[in-house]
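S.K.: The structure is given below, and queries will be raised subsequently.
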Amino acid sequence: RIYLNPGHGSFTSNDRPMNTIAHPTTTSLKDTLGFYEGRGTLPRSLYIGHTLQEMGVKKENIVFSRTKNGPWPTNSESSTKYNRSLSEICEEVEAGNFDMFVASHSDGSDDKTANYSTYLYRGTDASDYASGSKAMAQANHPYHLATGIENYSRTASNIRGDISFYGSSSTATRSNGKSYTGYLGVLKHGTPGYLLEGFFHSYPPARHRALNFDYDRHEGLREARGIGAYFGLPTLKTGSILGTVKDAVEVMNHSLYTYRAGTDDQFVPLNGATVKLMKDGNEVATYTTDQEWNGVFSFFDVAPGTYQLVASHPGHATS
């Protein structure tokens, strides 16, 4: 049994709204299609659940703290079903006899060039207080990094106890009388697991990618594969393809799109590019990149085999 918490889930300042090229007024809470943390973590979590079912986990053994974002406008209905209290979530986890808990988030930093994933479990760097949590994160990390478009380190990991990471702790007592010490409120229960900050939304290329729901689902797919590996679940019989289409020469020049020097993030992502998935000269599937300045293309449920990708865009040579 696994409990999935998609993190934040509103369209308020508490959900880390940030402006993007196509949505420059998001932080004034005028555009729900722009970047909000929960806008990306919800499809990520939902696809973790979807993939685990494909691996054989029964639907009733996958529980979500929520399955929708909202409300909008903020006063249109009660926000409690979207923004549940951390203590309420912990009580639900505590009572549910779960084998694993996963909270999906993204991170923020004053360093606009930082981008890497961080796994936080309850405890210290030397000791996980919910036994098994650190091993779960360590098993998941290689799968989460199994794509090259984020420009993550291929070797470094940032798997930390929340007490060591934040430098302080407090204790919460659940209704069953059990007490749990840690820093992050959502981890103060007895179920092993972690909170994953999958990327830095303060890094502009990353939050532009997160506007693509298929990109978010791919992140969930990779996490689910890591969870499946930890528990020894059957592996998936199909694969997936994730990539970006970018100009080979022109570099980005926009105040809402700073990037790490020397990385592929410097090149202009192509909106409206067509990517064809070809096998033995036949078109298997087609994907058109969105208008969100990320160039992301994606194919799911790809049968094993050798394929070719053909990308085209007005004004560019087909490749």
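Naming scheme: A, B, ... for chains in displayed order of the structure tokens; residues 1 onward per chain; ligands 1 onward as shown.
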Considering only C-alpha atoms, give me a table of residues in stretch 38-132 of chain A that are at most 9 Å from stretch 158-161 of chain A, with the closest atom pair and distance in Å for each, as a Markdown table.

M.R.:
```
| residue | atom | partner | partner_atom | distance |
| --- | --- | --- | --- | --- |
| A:Tyr116 | CA | A:Asn158 | CA | 8.1 |
| A:Ser117 | CA | A:Asn158 | CA | 6.8 |
| A:Thr118 | CA | A:Asn158 | CA | 5.0 |
| A:Tyr119 | CA | A:Ile159 | CA | 4.6 |
| A:Leu120 | CA | A:Arg160 | CA | 5.1 |
| A:Tyr121 | CA | A:Gly161 | CA | 5.0 |
| A:Arg122 | CA | A:Gly161 | CA | 5.6 |
| A:Gly123 | CA | A:Gly161 | CA | 4.7 |
| A:Thr124 | CA | A:Gly161 | CA | 4.1 |
| A:Asp125 | CA | A:Gly161 | CA | 4.6 |
| A:Ala126 | CA | A:Gly161 | CA | 7.6 |
| A:Ser127 | CA | A:Gly161 | CA | 7.4 |
| A:Asp128 | CA | A:Gly161 | CA | 6.7 |
| A:Tyr129 | CA | A:Gly161 | CA | 8.8 |
```

S.K.: Tell me which protein, DNA and RNA residues are within 8 Å of A:Leu211, counting only C-alpha atoms, leaving out same-chain ones fewer than 2 positions away, and put them as number ranges by chain.

M.R.: A: 34-35, 39-40, 207-209, 213, 215, 292

S.K.: Would you put the residues from that selection into a file with C-alpha atoms, as a JSON list (two decimals), in the first residue's frame?

M.R.:
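See result.json below for the written result:
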```json
[["chain", "number", "residue", "atom", "x", "y", "z"],
["A", 34, "GLY", "CA", 1.06, 29.54, -15.57],
["A", 35, "PHE", "CA", 3.44, 27.83, -13.17],
["A", 39, "ARG", "CA", 0.10, 22.21, -11.36],
["A", 40, "GLY", "CA", 3.09, 19.95, -12.06],
["A", 207, "ARG", "CA", 9.48, 25.54, -14.68],
["A", 208, "HIS", "CA", 8.82, 26.04, -18.39],
["A", 209, "ARG", "CA", 9.21, 22.27, -18.85],
["A", 213, "PHE", "CA", 1.80, 17.73, -18.46],
["A", 215, "TYR", "CA", 6.83, 16.02, -18.97],
["A", 292, "GLU", "CA", 5.15, 27.13, -23.45]]
```

S.K.: DSSP on the backbone: which residues in stretch 32-150 of chain A end up as helix (DSSP H, G or I)? Give the answer as a VMD selection string.

M.R.: chain A and resid 37 to 54 59 to 61 86 to 95 133 to 144

S.K.: Set the distance at 8 Å and use only C-alpha atoms: which residues neighbour stretch 6-16 of chain A once local chain neighbours fewer than 5 positions away are removed? I'd like the list as an MDAnalysis selection string.

M.R.: chainID A and resid 27 29 32 35:39 41:42 44:45 64:66 68:72 74 79 82:83 103:105

S.K.: Pick out the closest residue to A:Ala224 from this set: A:Gly305, A:Gly185, A:Pro17, A:Gly56. Count only C-alpha atoms.

M.R.: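 Nearest candidate to A:Ala224 out of A:Gly305, A:Gly185, A:Pro17, A:Gly56: A:Gly56.
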
S.K.: Report, in Å to a single decimal, how far apart atom CA of A:His201 and atom CA of A:Asp110 are.

M.R.: 10.9 Å

S.K.: Which value, in Å to one decimal, gives the distance between atom CA of A:Ser85 and atom CA of A:Leu4?

M.R.: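 Atom-to-atom, atom CA of A:Ser85 to atom CA of A:Leu4, that is 14.8 Å.
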
S.K.: Expressed in Å to a single decimal, how great is the separation between atom CA of A:Asn140 and atom CA of A:Tyr183?

M.R.: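 That distance, rounded to one decimal, is 21.8 Å.
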
S.K.: When distances are computed from only C-alpha atoms, which of A:Leu256, A:Ala156, A:Val296, A:Met278 shows the smallest separation from A:Pro24?

M.R.: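 Nearest candidate to A:Pro24 out of A:Leu256, A:Ala156, A:Val296, A:Met278: A:Leu256.
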
S.K.: Which residues come within 10 Å of A:Thr318, counting only C-alpha atoms, excluding same-chain residues fewer than 6 positions away, as number ranges by chain?

M.R.: A: 274-275, 310-312

S.K.: Under the rule of at most 10 Å, produce a per-residue listing of stretch 36-99 of chain A near stretch 226-237 of chain A: chain, number, name, the closest pair of atoms, and the distance in Å, as a tab-separated table, using only C-alpha atoms.

M.R.:
```
residue	atom	partner	partner_atom	distance
A:Ile48	CA	A:Ile227	CA	9.0
A:Thr51	CA	A:Leu236	CA	8.5
A:Leu52	CA	A:Gly228	CA	7.2
A:Glu54	CA	A:Leu236	CA	7.3
A:Met55	CA	A:Pro234	CA	5.6
A:Gly56	CA	A:Pro234	CA	7.3
A:Val57	CA	A:Leu233	CA	8.4
A:Asp99	CA	A:Phe231	CA	9.8
```

S.K.: Restricting the output to N, CA, C and O atoms, write the selected residues as a PDB file, in the first residue's frame.

M.R.:
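As a result, out-v2.pdb now contains:
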```pdb
ATOM      1  N   ILE A  48       2.339   8.353 -11.119  1.00  0.00           N
ATOM      2  CA  ILE A  48       2.954   7.328 -10.262  1.00  0.00           C
ATOM      3  C   ILE A  48       1.923   6.242  -9.976  1.00  0.00           C
ATOM      4  O   ILE A  48       2.185   5.048 -10.127  1.00  0.00           O
ATOM      5  N   THR A  51       1.076   4.145 -13.115  1.00  0.00           N
ATOM      6  CA  THR A  51       2.132   3.204 -13.485  1.00  0.00           C
ATOM      7  C   THR A  51       2.219   2.052 -12.502  1.00  0.00           C
ATOM      8  O   THR A  51       2.432   0.897 -12.901  1.00  0.00           O
ATOM      9  N   LEU A  52       2.043   2.329 -11.211  1.00  0.00           N
ATOM     10  CA  LEU A  52       2.077   1.252 -10.225  1.00  0.00           C
ATOM     11  C   LEU A  52       0.958   0.252 -10.477  1.00  0.00           C
ATOM     12  O   LEU A  52       1.136  -0.961 -10.284  1.00  0.00           O
ATOM     13  N   GLU A  54      -0.142  -0.490 -13.429  1.00  0.00           N
ATOM     14  CA  GLU A  54       0.344  -1.292 -14.553  1.00  0.00           C
ATOM     15  C   GLU A  54       1.349  -2.343 -14.084  1.00  0.00           C
ATOM     16  O   GLU A  54       1.509  -3.387 -14.723  1.00  0.00           O
ATOM     17  N   MET A  55       2.019  -2.073 -12.966  1.00  0.00           N
ATOM     18  CA  MET A  55       2.976  -3.027 -12.415  1.00  0.00           C
ATOM     19  C   MET A  55       2.310  -4.074 -11.537  1.00  0.00           C
ATOM     20  O   MET A  55       2.985  -4.961 -11.009  1.00  0.00           O
ATOM     21  N   GLY A  56       1.007  -3.938 -11.348  1.00  0.00           N
ATOM     22  CA  GLY A  56       0.290  -4.962 -10.598  1.00  0.00           C
ATOM     23  C   GLY A  56      -0.232  -4.554  -9.245  1.00  0.00           C
ATOM     24  O   GLY A  56      -0.864  -5.365  -8.559  1.00  0.00           O
ATOM     25  N   VAL A  57      -0.003  -3.311  -8.821  1.00  0.00           N
ATOM     26  CA  VAL A  57      -0.535  -2.852  -7.539  1.00  0.00           C
ATOM     27  C   VAL A  57      -2.034  -2.601  -7.687  1.00  0.00           C
ATOM     28  O   VAL A  57      -2.472  -1.943  -8.635  1.00  0.00           O
ATOM     29  N   ASP A  99       2.731   0.956   3.276  1.00  0.00           N
ATOM     30  CA  ASP A  99       4.118   0.491   3.180  1.00  0.00           C
ATOM     31  C   ASP A  99       5.071   1.604   2.774  1.00  0.00           C
ATOM     32  O   ASP A  99       6.281   1.497   2.983  1.00  0.00           O
TER      33      ASP A  99
END
```

S.K.: Can you list every residue of stretch 236-308 of chain A that has an atom at most 8 Å from stretch 144-150 of chain A, with its nearest atom pair and the distance in Å to one decimal, using only C-alpha atoms, ordered by chain then number, as CSV?

M.R.:
```
residue,atom,partner,partner_atom,distance
A:Leu242,CA,A:Thr147,CA,7.5
A:Gly243,CA,A:Ile149,CA,6.6
A:Thr244,CA,A:Ile149,CA,7.3
A:Asp264,CA,A:Ile149,CA,7.9
```

S.K.: Residues of stretch 60-215 of chain A classed as strand (DSSP E) by DSSP on the backbone are to be reported as an MDAnalysis selection string.

M.R.: chainID A and resid 62:64 100:107 118:121 159:161 170:173 179:182 193:200

S.K.: Need the shell around A:Leu184: protein/DNA/RNA residues with any atom at most 12 Å away, counting only C-alpha atoms. Skip same-chain ones fewer than 4 positions apart. Format as a list in words?

M.R.: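 Residues near the query, excluding close chain neighbours: Leu86, Ser87, Cys90, Ala103, Leu120, Tyr121, Arg122, Gly123, Gly161, Asp162, Ile163, Ser164, Phe165, Tyr166, Gly167, Ser168, Ser169, Ser170, Thr171, Ala172, Tyr180, Lys188, His189, Tyr194, Leu195 and Leu196 of chain A.
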